[in-house]
2 protein chains.
Amino acid sequence: MAENEYLRAQDSTIKTVLEQMPADEMLYDLAELFKVFGDSTRIKILYALFESELCVNDIALLLGITQTAASHQLRVLKVNKLVKARKEGKLIFYSLSDDHVYKIIGQGMEHIEE
Amino acid sequence: MAENEYLRAQDSTIKTVLEQMPADEMLYDLAELFKVFGDSTRIKILYALFESELCVNDIALLLGITQTAASHQLRVLKVNKLVKARKEGKLIFYSLSDDHVYKIIGQGMEHIEE
DNA sequence: AAAACATATGTTTATTTGTTCATATATTAA
DNA sequence: TTAATATATGAACAAATAAACATATGTTTT
């Protein structure tokens, strides 16, 4: 690595930092994922789904939000593969897609509970 | 729990969902925390700090952002206790405050790598 | 003390985003 | 088929926010 008079860190450090840095696209995707968790309405929906699958209207009523708002946010969660949908007649039941959701939220809780 | 003709879910389910739901303030704090991770600039900064503590200018130069942008985002990270600062003369070295950062980002990576 | 350097702060601007309202689609019931 | 119910979609609006620019604060060097 070429010397850089503007950097204080050692060349070896700079090299390691740059080498370990994931590709821009991955960093962007990661930020996008966390953005999904960065809204209290969506967090509430996920918490509700911790207990059981629920249909859209139940989610809306349980959380005190409109059906439209629930639907919009469920779409965001679904696009990002945090929830999955199951159709039963005119009802659509949403549930968590996998246990990453638990783990990510769990880690977040640990941090704020300090 | 009183019966609710508008809800499809069973009373027992509704009861459990409502019981397990954390207080609104906690849900809000949790969303705020994830919001911090929900920006690629901040994610890049955190990744850089995985390797070693770094001063503001080095972070800016390494990531190709302005000093001002780095400072603003480091402030956000510091307020949310994800990084801590150490002063050495006119340099201020930032580093990760604890290993929750690793864990949270790690879980996020697992999810998107599927 | 003055100059140079490192970081922080305040303001403005452009973009993103969550919600609401109106409406469309789809399924079941009458 | 019409009405009722459940969910989704699209557009408009308001709030949040990241970046840029100018500048202030604090530290070291000369």
# chains A, B, ... in the order shown; residues from 1 in each chain; ligands from 1
>>> calpha_fit_and_write(fixed="chain A", moving="chain B", output="PDB file with C-alpha atoms, in the first residue's frame")
ATOM      1  CA  MET B   1       0.091  -0.047   0.008  1.00  0.00           C
ATOM      2  CA  ALA B   2       1.384   3.404  -0.874  1.00  0.00           C
ATOM      3  CA  GLU B   3       2.135   5.813   1.884  1.00  0.00           C
ATOM      4  CA  ASN B   4      -0.479   8.429   2.582  1.00  0.00           C
ATOM      5  CA  GLU B   5       0.677  11.501   4.413  1.00  0.00           C
ATOM      6  CA  TYR B   6      -2.888  12.501   5.234  1.00  0.00           C
ATOM      7  CA  LEU B   7      -3.741   9.374   7.204  1.00  0.00           C
ATOM      8  CA  ARG B   8      -2.707   8.967  10.813  1.00  0.00           C
ATOM      9  CA  ALA B   9      -3.397   5.244  11.010  1.00  0.00           C
ATOM     10  CA  GLN B  10      -0.656   2.823  10.060  1.00  0.00           C
ATOM     11  CA  ASP B  11      -0.557   1.355   6.593  1.00  0.00           C
ATOM     12  CA  SER B  12      -1.200  -2.109   7.976  1.00  0.00           C
ATOM     13  CA  THR B  13      -4.337  -0.886   9.713  1.00  0.00           C
ATOM     14  CA  ILE B  14      -5.590   0.906   6.638  1.00  0.00           C
ATOM     15  CA  LYS B  15      -4.951  -2.175   4.577  1.00  0.00           C
ATOM     16  CA  THR B  16      -6.884  -4.412   6.950  1.00  0.00           C
ATOM     17  CA  VAL B  17      -9.804  -1.985   7.206  1.00  0.00           C
ATOM     18  CA  LEU B  18     -10.128  -1.796   3.449  1.00  0.00           C
ATOM     19  CA  GLU B  19      -9.732  -5.547   3.016  1.00  0.00           C
ATOM     20  CA  GLN B  20     -12.345  -6.416   5.598  1.00  0.00           C
ATOM     21  CA  MET B  21     -14.871  -3.894   4.300  1.00  0.00           C
ATOM     22  CA  PRO B  22     -17.676  -5.729   2.468  1.00  0.00           C
ATOM     23  CA  ALA B  23     -18.699  -4.624  -0.998  1.00  0.00           C
ATOM     24  CA  ASP B  24     -20.724  -1.452  -1.205  1.00  0.00           C
ATOM     25  CA  GLU B  25     -23.799  -3.306  -2.366  1.00  0.00           C
ATOM     26  CA  MET B  26     -23.733  -5.561   0.660  1.00  0.00           C
ATOM     27  CA  LEU B  27     -23.324  -2.627   3.009  1.00  0.00           C
ATOM     28  CA  TYR B  28     -26.255  -0.961   1.336  1.00  0.00           C
ATOM     29  CA  ASP B  29     -28.409  -4.091   1.651  1.00  0.00           C
ATOM     30  CA  LEU B  30     -27.470  -4.401   5.287  1.00  0.00           C
ATOM     31  CA  ALA B  31     -28.498  -0.821   5.986  1.00  0.00           C
ATOM     32  CA  GLU B  32     -31.756  -1.422   4.124  1.00  0.00           C
ATOM     33  CA  LEU B  33     -32.470  -4.417   6.322  1.00  0.00           C
ATOM     34  CA  PHE B  34     -31.927  -2.463   9.523  1.00  0.00           C
ATOM     35  CA  LYS B  35     -34.052   0.348   8.166  1.00  0.00           C
ATOM     36  CA  VAL B  36     -36.932  -2.105   8.177  1.00  0.00           C
ATOM     37  CA  PHE B  37     -36.439  -2.648  11.913  1.00  0.00           C
ATOM     38  CA  GLY B  38     -36.122   1.080  12.398  1.00  0.00           C
ATOM     39  CA  ASP B  39     -39.803   1.842  12.673  1.00  0.00           C
ATOM     40  CA  SER B  40     -41.881   1.280  15.786  1.00  0.00           C
ATOM     41  CA  THR B  41     -44.965   0.206  13.864  1.00  0.00           C
ATOM     42  CA  ARG B  42     -43.036  -2.567  12.158  1.00  0.00           C
ATOM     43  CA  ILE B  43     -41.363  -3.533  15.431  1.00  0.00           C
ATOM     44  CA  LYS B  44     -44.810  -3.835  17.009  1.00  0.00           C
ATOM     45  CA  ILE B  45     -46.009  -6.023  14.164  1.00  0.00           C
ATOM     46  CA  LEU B  46     -42.997  -8.300  14.548  1.00  0.00           C
ATOM     47  CA  TYR B  47     -43.534  -8.559  18.297  1.00  0.00           C
ATOM     48  CA  ALA B  48     -47.160  -9.473  17.741  1.00  0.00           C
ATOM     49  CA  LEU B  49     -46.099 -12.185  15.315  1.00  0.00           C
ATOM     50  CA  PHE B  50     -43.722 -13.608  17.932  1.00  0.00           C
ATOM     51  CA  GLU B  51     -46.787 -15.176  19.520  1.00  0.00           C
ATOM     52  CA  SER B  52     -48.668 -16.489  16.511  1.00  0.00           C
ATOM     53  CA  GLU B  53     -49.590 -15.893  12.928  1.00  0.00           C
ATOM     54  CA  LEU B  54     -52.184 -13.152  12.564  1.00  0.00           C
ATOM     55  CA  CYS B  55     -54.349 -11.773   9.799  1.00  0.00           C
ATOM     56  CA  VAL B  56     -54.098  -8.170   8.676  1.00  0.00           C
ATOM     57  CA  ASN B  57     -57.177  -6.843  10.414  1.00  0.00           C
ATOM     58  CA  ASP B  58     -56.258  -8.448  13.720  1.00  0.00           C
ATOM     59  CA  ILE B  59     -52.829  -6.878  13.539  1.00  0.00           C
ATOM     60  CA  ALA B  60     -54.374  -3.497  12.823  1.00  0.00           C
ATOM     61  CA  LEU B  61     -56.870  -3.783  15.676  1.00  0.00           C
ATOM     62  CA  LEU B  62     -54.377  -5.200  18.174  1.00  0.00           C
ATOM     63  CA  LEU B  63     -51.866  -2.457  17.511  1.00  0.00           C
ATOM     64  CA  GLY B  64     -54.355   0.361  17.106  1.00  0.00           C
ATOM     65  CA  ILE B  65     -53.371   1.259  13.567  1.00  0.00           C
ATOM     66  CA  THR B  66     -55.444   1.455  10.394  1.00  0.00           C
ATOM     67  CA  GLN B  67     -55.830  -1.522   8.090  1.00  0.00           C
ATOM     68  CA  THR B  68     -54.076   0.438   5.372  1.00  0.00           C
ATOM     69  CA  ALA B  69     -51.085   1.212   7.526  1.00  0.00           C
ATOM     70  CA  ALA B  70     -50.822  -2.428   8.570  1.00  0.00           C
ATOM     71  CA  SER B  71     -50.991  -3.581   4.968  1.00  0.00           C
ATOM     72  CA  HIS B  72     -48.352  -1.134   3.822  1.00  0.00           C
ATOM     73  CA  GLN B  73     -45.949  -2.138   6.575  1.00  0.00           C
ATOM     74  CA  LEU B  74     -46.588  -5.838   6.117  1.00  0.00           C
ATOM     75  CA  ARG B  75     -45.616  -5.355   2.510  1.00  0.00           C
ATOM     76  CA  VAL B  76     -42.306  -3.831   3.563  1.00  0.00           C
ATOM     77  CA  LEU B  77     -41.699  -6.691   5.968  1.00  0.00           C
ATOM     78  CA  LYS B  78     -42.577  -9.253   3.305  1.00  0.00           C
ATOM     79  CA  VAL B  79     -40.385  -7.723   0.608  1.00  0.00           C
ATOM     80  CA  ASN B  80     -37.501  -7.925   3.049  1.00  0.00           C
ATOM     81  CA  LYS B  81     -38.325 -11.541   3.857  1.00  0.00           C
ATOM     82  CA  LEU B  82     -38.986 -10.918   7.526  1.00  0.00           C
ATOM     83  CA  VAL B  83     -42.545 -12.214   7.336  1.00  0.00           C
ATOM     84  CA  LYS B  84     -44.340 -14.635   5.084  1.00  0.00           C
ATOM     85  CA  ALA B  85     -47.991 -14.828   4.120  1.00  0.00           C
ATOM     86  CA  ARG B  86     -50.460 -17.687   3.965  1.00  0.00           C
ATOM     87  CA  LYS B  87     -53.817 -17.282   2.354  1.00  0.00           C
ATOM     88  CA  GLU B  88     -56.948 -18.880   3.804  1.00  0.00           C
ATOM     89  CA  GLY B  89     -60.079 -17.795   2.009  1.00  0.00           C
ATOM     90  CA  LYS B  90     -60.309 -14.071   2.248  1.00  0.00           C
ATOM     91  CA  LEU B  91     -57.976 -13.935   5.210  1.00  0.00           C
ATOM     92  CA  ILE B  92     -54.239 -13.612   4.838  1.00  0.00           C
ATOM     93  CA  PHE B  93     -52.203 -14.818   7.755  1.00  0.00           C
ATOM     94  CA  TYR B  94     -48.772 -13.345   8.300  1.00  0.00           C
ATOM     95  CA  SER B  95     -46.027 -14.970  10.315  1.00  0.00           C
ATOM     96  CA  LEU B  96     -42.301 -14.559  10.884  1.00  0.00           C
ATOM     97  CA  SER B  97     -40.225 -16.076   8.081  1.00  0.00           C
ATOM     98  CA  ASP B  98     -37.342 -17.258  10.218  1.00  0.00           C
ATOM     99  CA  ASP B  99     -35.616 -16.897  13.547  1.00  0.00           C
ATOM    100  CA  HIS B 100     -33.268 -14.150  12.411  1.00  0.00           C
ATOM    101  CA  VAL B 101     -36.007 -11.761  13.387  1.00  0.00           C
ATOM    102  CA  TYR B 102     -35.948 -13.019  16.978  1.00  0.00           C
ATOM    103  CA  LYS B 103     -32.194 -12.861  17.115  1.00  0.00           C
ATOM    104  CA  ILE B 104     -31.843  -9.399  15.661  1.00  0.00           C
ATOM    105  CA  ILE B 105     -34.508  -7.934  17.904  1.00  0.00           C
ATOM    106  CA  GLY B 106     -33.071  -9.825  20.848  1.00  0.00           C
ATOM    107  CA  GLN B 107     -29.642  -8.303  20.324  1.00  0.00           C
ATOM    108  CA  GLY B 108     -31.217  -4.879  20.001  1.00  0.00           C
ATOM    109  CA  MET B 109     -33.089  -5.342  23.266  1.00  0.00           C
ATOM    110  CA  GLU B 110     -29.906  -6.385  25.043  1.00  0.00           C
ATOM    111  CA  HIS B 111     -28.272  -3.185  23.941  1.00  0.00           C
ATOM    112  CA  ILE B 112     -30.980  -0.805  25.085  1.00  0.00           C
ATOM    113  CA  GLU B 113     -31.542  -2.652  28.349  1.00  0.00           C
ATOM    114  CA  GLU B 114     -28.064  -1.811  29.576  1.00  0.00           C
TER     115      GLU B 114
END
>>> closest_atom_pairs(of="chain D", to="chain A", cutoff="12 Å", atoms="only C-alpha atoms (C1' of nucleotides)", output="tab-separated table")
residue	atom	partner	partner_atom	distance
D:DA4	C1'	A:Lys90	CA	12.0
D:DT5	C1'	A:Lys90	CA	8.1
D:DA6	C1'	A:Lys90	CA	5.6
D:DT7	C1'	A:Ser71	CA	7.3
D:DA8	C1'	A:Ser71	CA	7.0
D:DT9	C1'	A:His72	CA	9.0
D:DG10	C1'	A:His72	CA	11.4
D:DA16	C1'	A:Asp39	CA	11.8
>>> select_by_dssp(residues="stretch 3-112 of chain A", states="strand (DSSP E)", output="number ranges by chain")
A: 54-55, 83-88, 91-96
>>> closest_residue(among="C:DC21, C:DA6, C:DT12, C:DT27", to="chain A", atoms="only C-alpha atoms (C1' of nucleotides)")
C:DT27
>>> atom_distance(atom1="atom C1' of D:DT25", atom2="atom C1' of C:DT13")
25.4 Å
>>> select_by_dssp(residues="stretch 62-112 of chain A", states="helix (DSSP H, G or I)", output="PyMOL selection string")
chain A and resi 62-63+67-79+100-112
>>> write_last_selection(atoms="C-alpha atoms", output="mmCIF file, in the first residue's frame")
data_model
loop_
_atom_site.group_PDB
_atom_site.id
_atom_site.type_symbol
_atom_site.label_atom_id
_atom_site.label_comp_id
_atom_site.auth_asym_id
_atom_site.auth_seq_id
_atom_site.Cartn_x
_atom_site.Cartn_y
_atom_site.Cartn_z
ATOM 1 C CA LEU A 62 -54.351 -5.199 18.182
ATOM 2 C CA LEU A 63 -51.833 -2.458 17.510
ATOM 3 C CA GLN A 67 -55.819 -1.575 8.101
ATOM 4 C CA THR A 68 -54.088 0.378 5.368
ATOM 5 C CA ALA A 69 -51.087 1.197 7.498
ATOM 6 C CA ALA A 70 -50.802 -2.441 8.564
ATOM 7 C CA SER A 71 -50.985 -3.600 4.974
ATOM 8 C CA HIS A 72 -48.330 -1.151 3.815
ATOM 9 C CA GLN A 73 -45.937 -2.148 6.565
ATOM 10 C CA LEU A 74 -46.580 -5.852 6.116
ATOM 11 C CA ARG A 75 -45.605 -5.379 2.512
ATOM 12 C CA VAL A 76 -42.286 -3.839 3.558
ATOM 13 C CA LEU A 77 -41.685 -6.705 5.966
ATOM 14 C CA LYS A 78 -42.568 -9.258 3.301
ATOM 15 C CA VAL A 79 -40.385 -7.736 0.596
ATOM 16 C CA HIS A 100 -33.279 -14.139 12.413
ATOM 17 C CA VAL A 101 -36.014 -11.744 13.393
ATOM 18 C CA TYR A 102 -35.951 -13.008 16.989
ATOM 19 C CA LYS A 103 -32.191 -12.869 17.138
ATOM 20 C CA ILE A 104 -31.831 -9.399 15.662
ATOM 21 C CA ILE A 105 -34.498 -7.925 17.909
ATOM 22 C CA GLY A 106 -33.062 -9.819 20.864
ATOM 23 C CA GLN A 107 -29.641 -8.289 20.345
ATOM 24 C CA GLY A 108 -31.206 -4.867 20.006
ATOM 25 C CA MET A 109 -33.092 -5.333 23.260
ATOM 26 C CA GLU A 110 -29.912 -6.363 25.046
ATOM 27 C CA HIS A 111 -28.272 -3.161 23.949
ATOM 28 C CA ILE A 112 -30.985 -0.787 25.071
#
>>> interface_residues(of="chain C", to="chain A", cutoff="9 Å", atoms="only C-alpha atoms (C1' of nucleotides)", output="PyMOL selection string")
chain C and resi 18-20+26-28
>>> residues_around(residues="C:DA3", least_positions_apart="4", cutoff="12 Å", atoms="only C-alpha atoms (C1' of nucleotides)", output="number ranges by chain")
D: 28-30
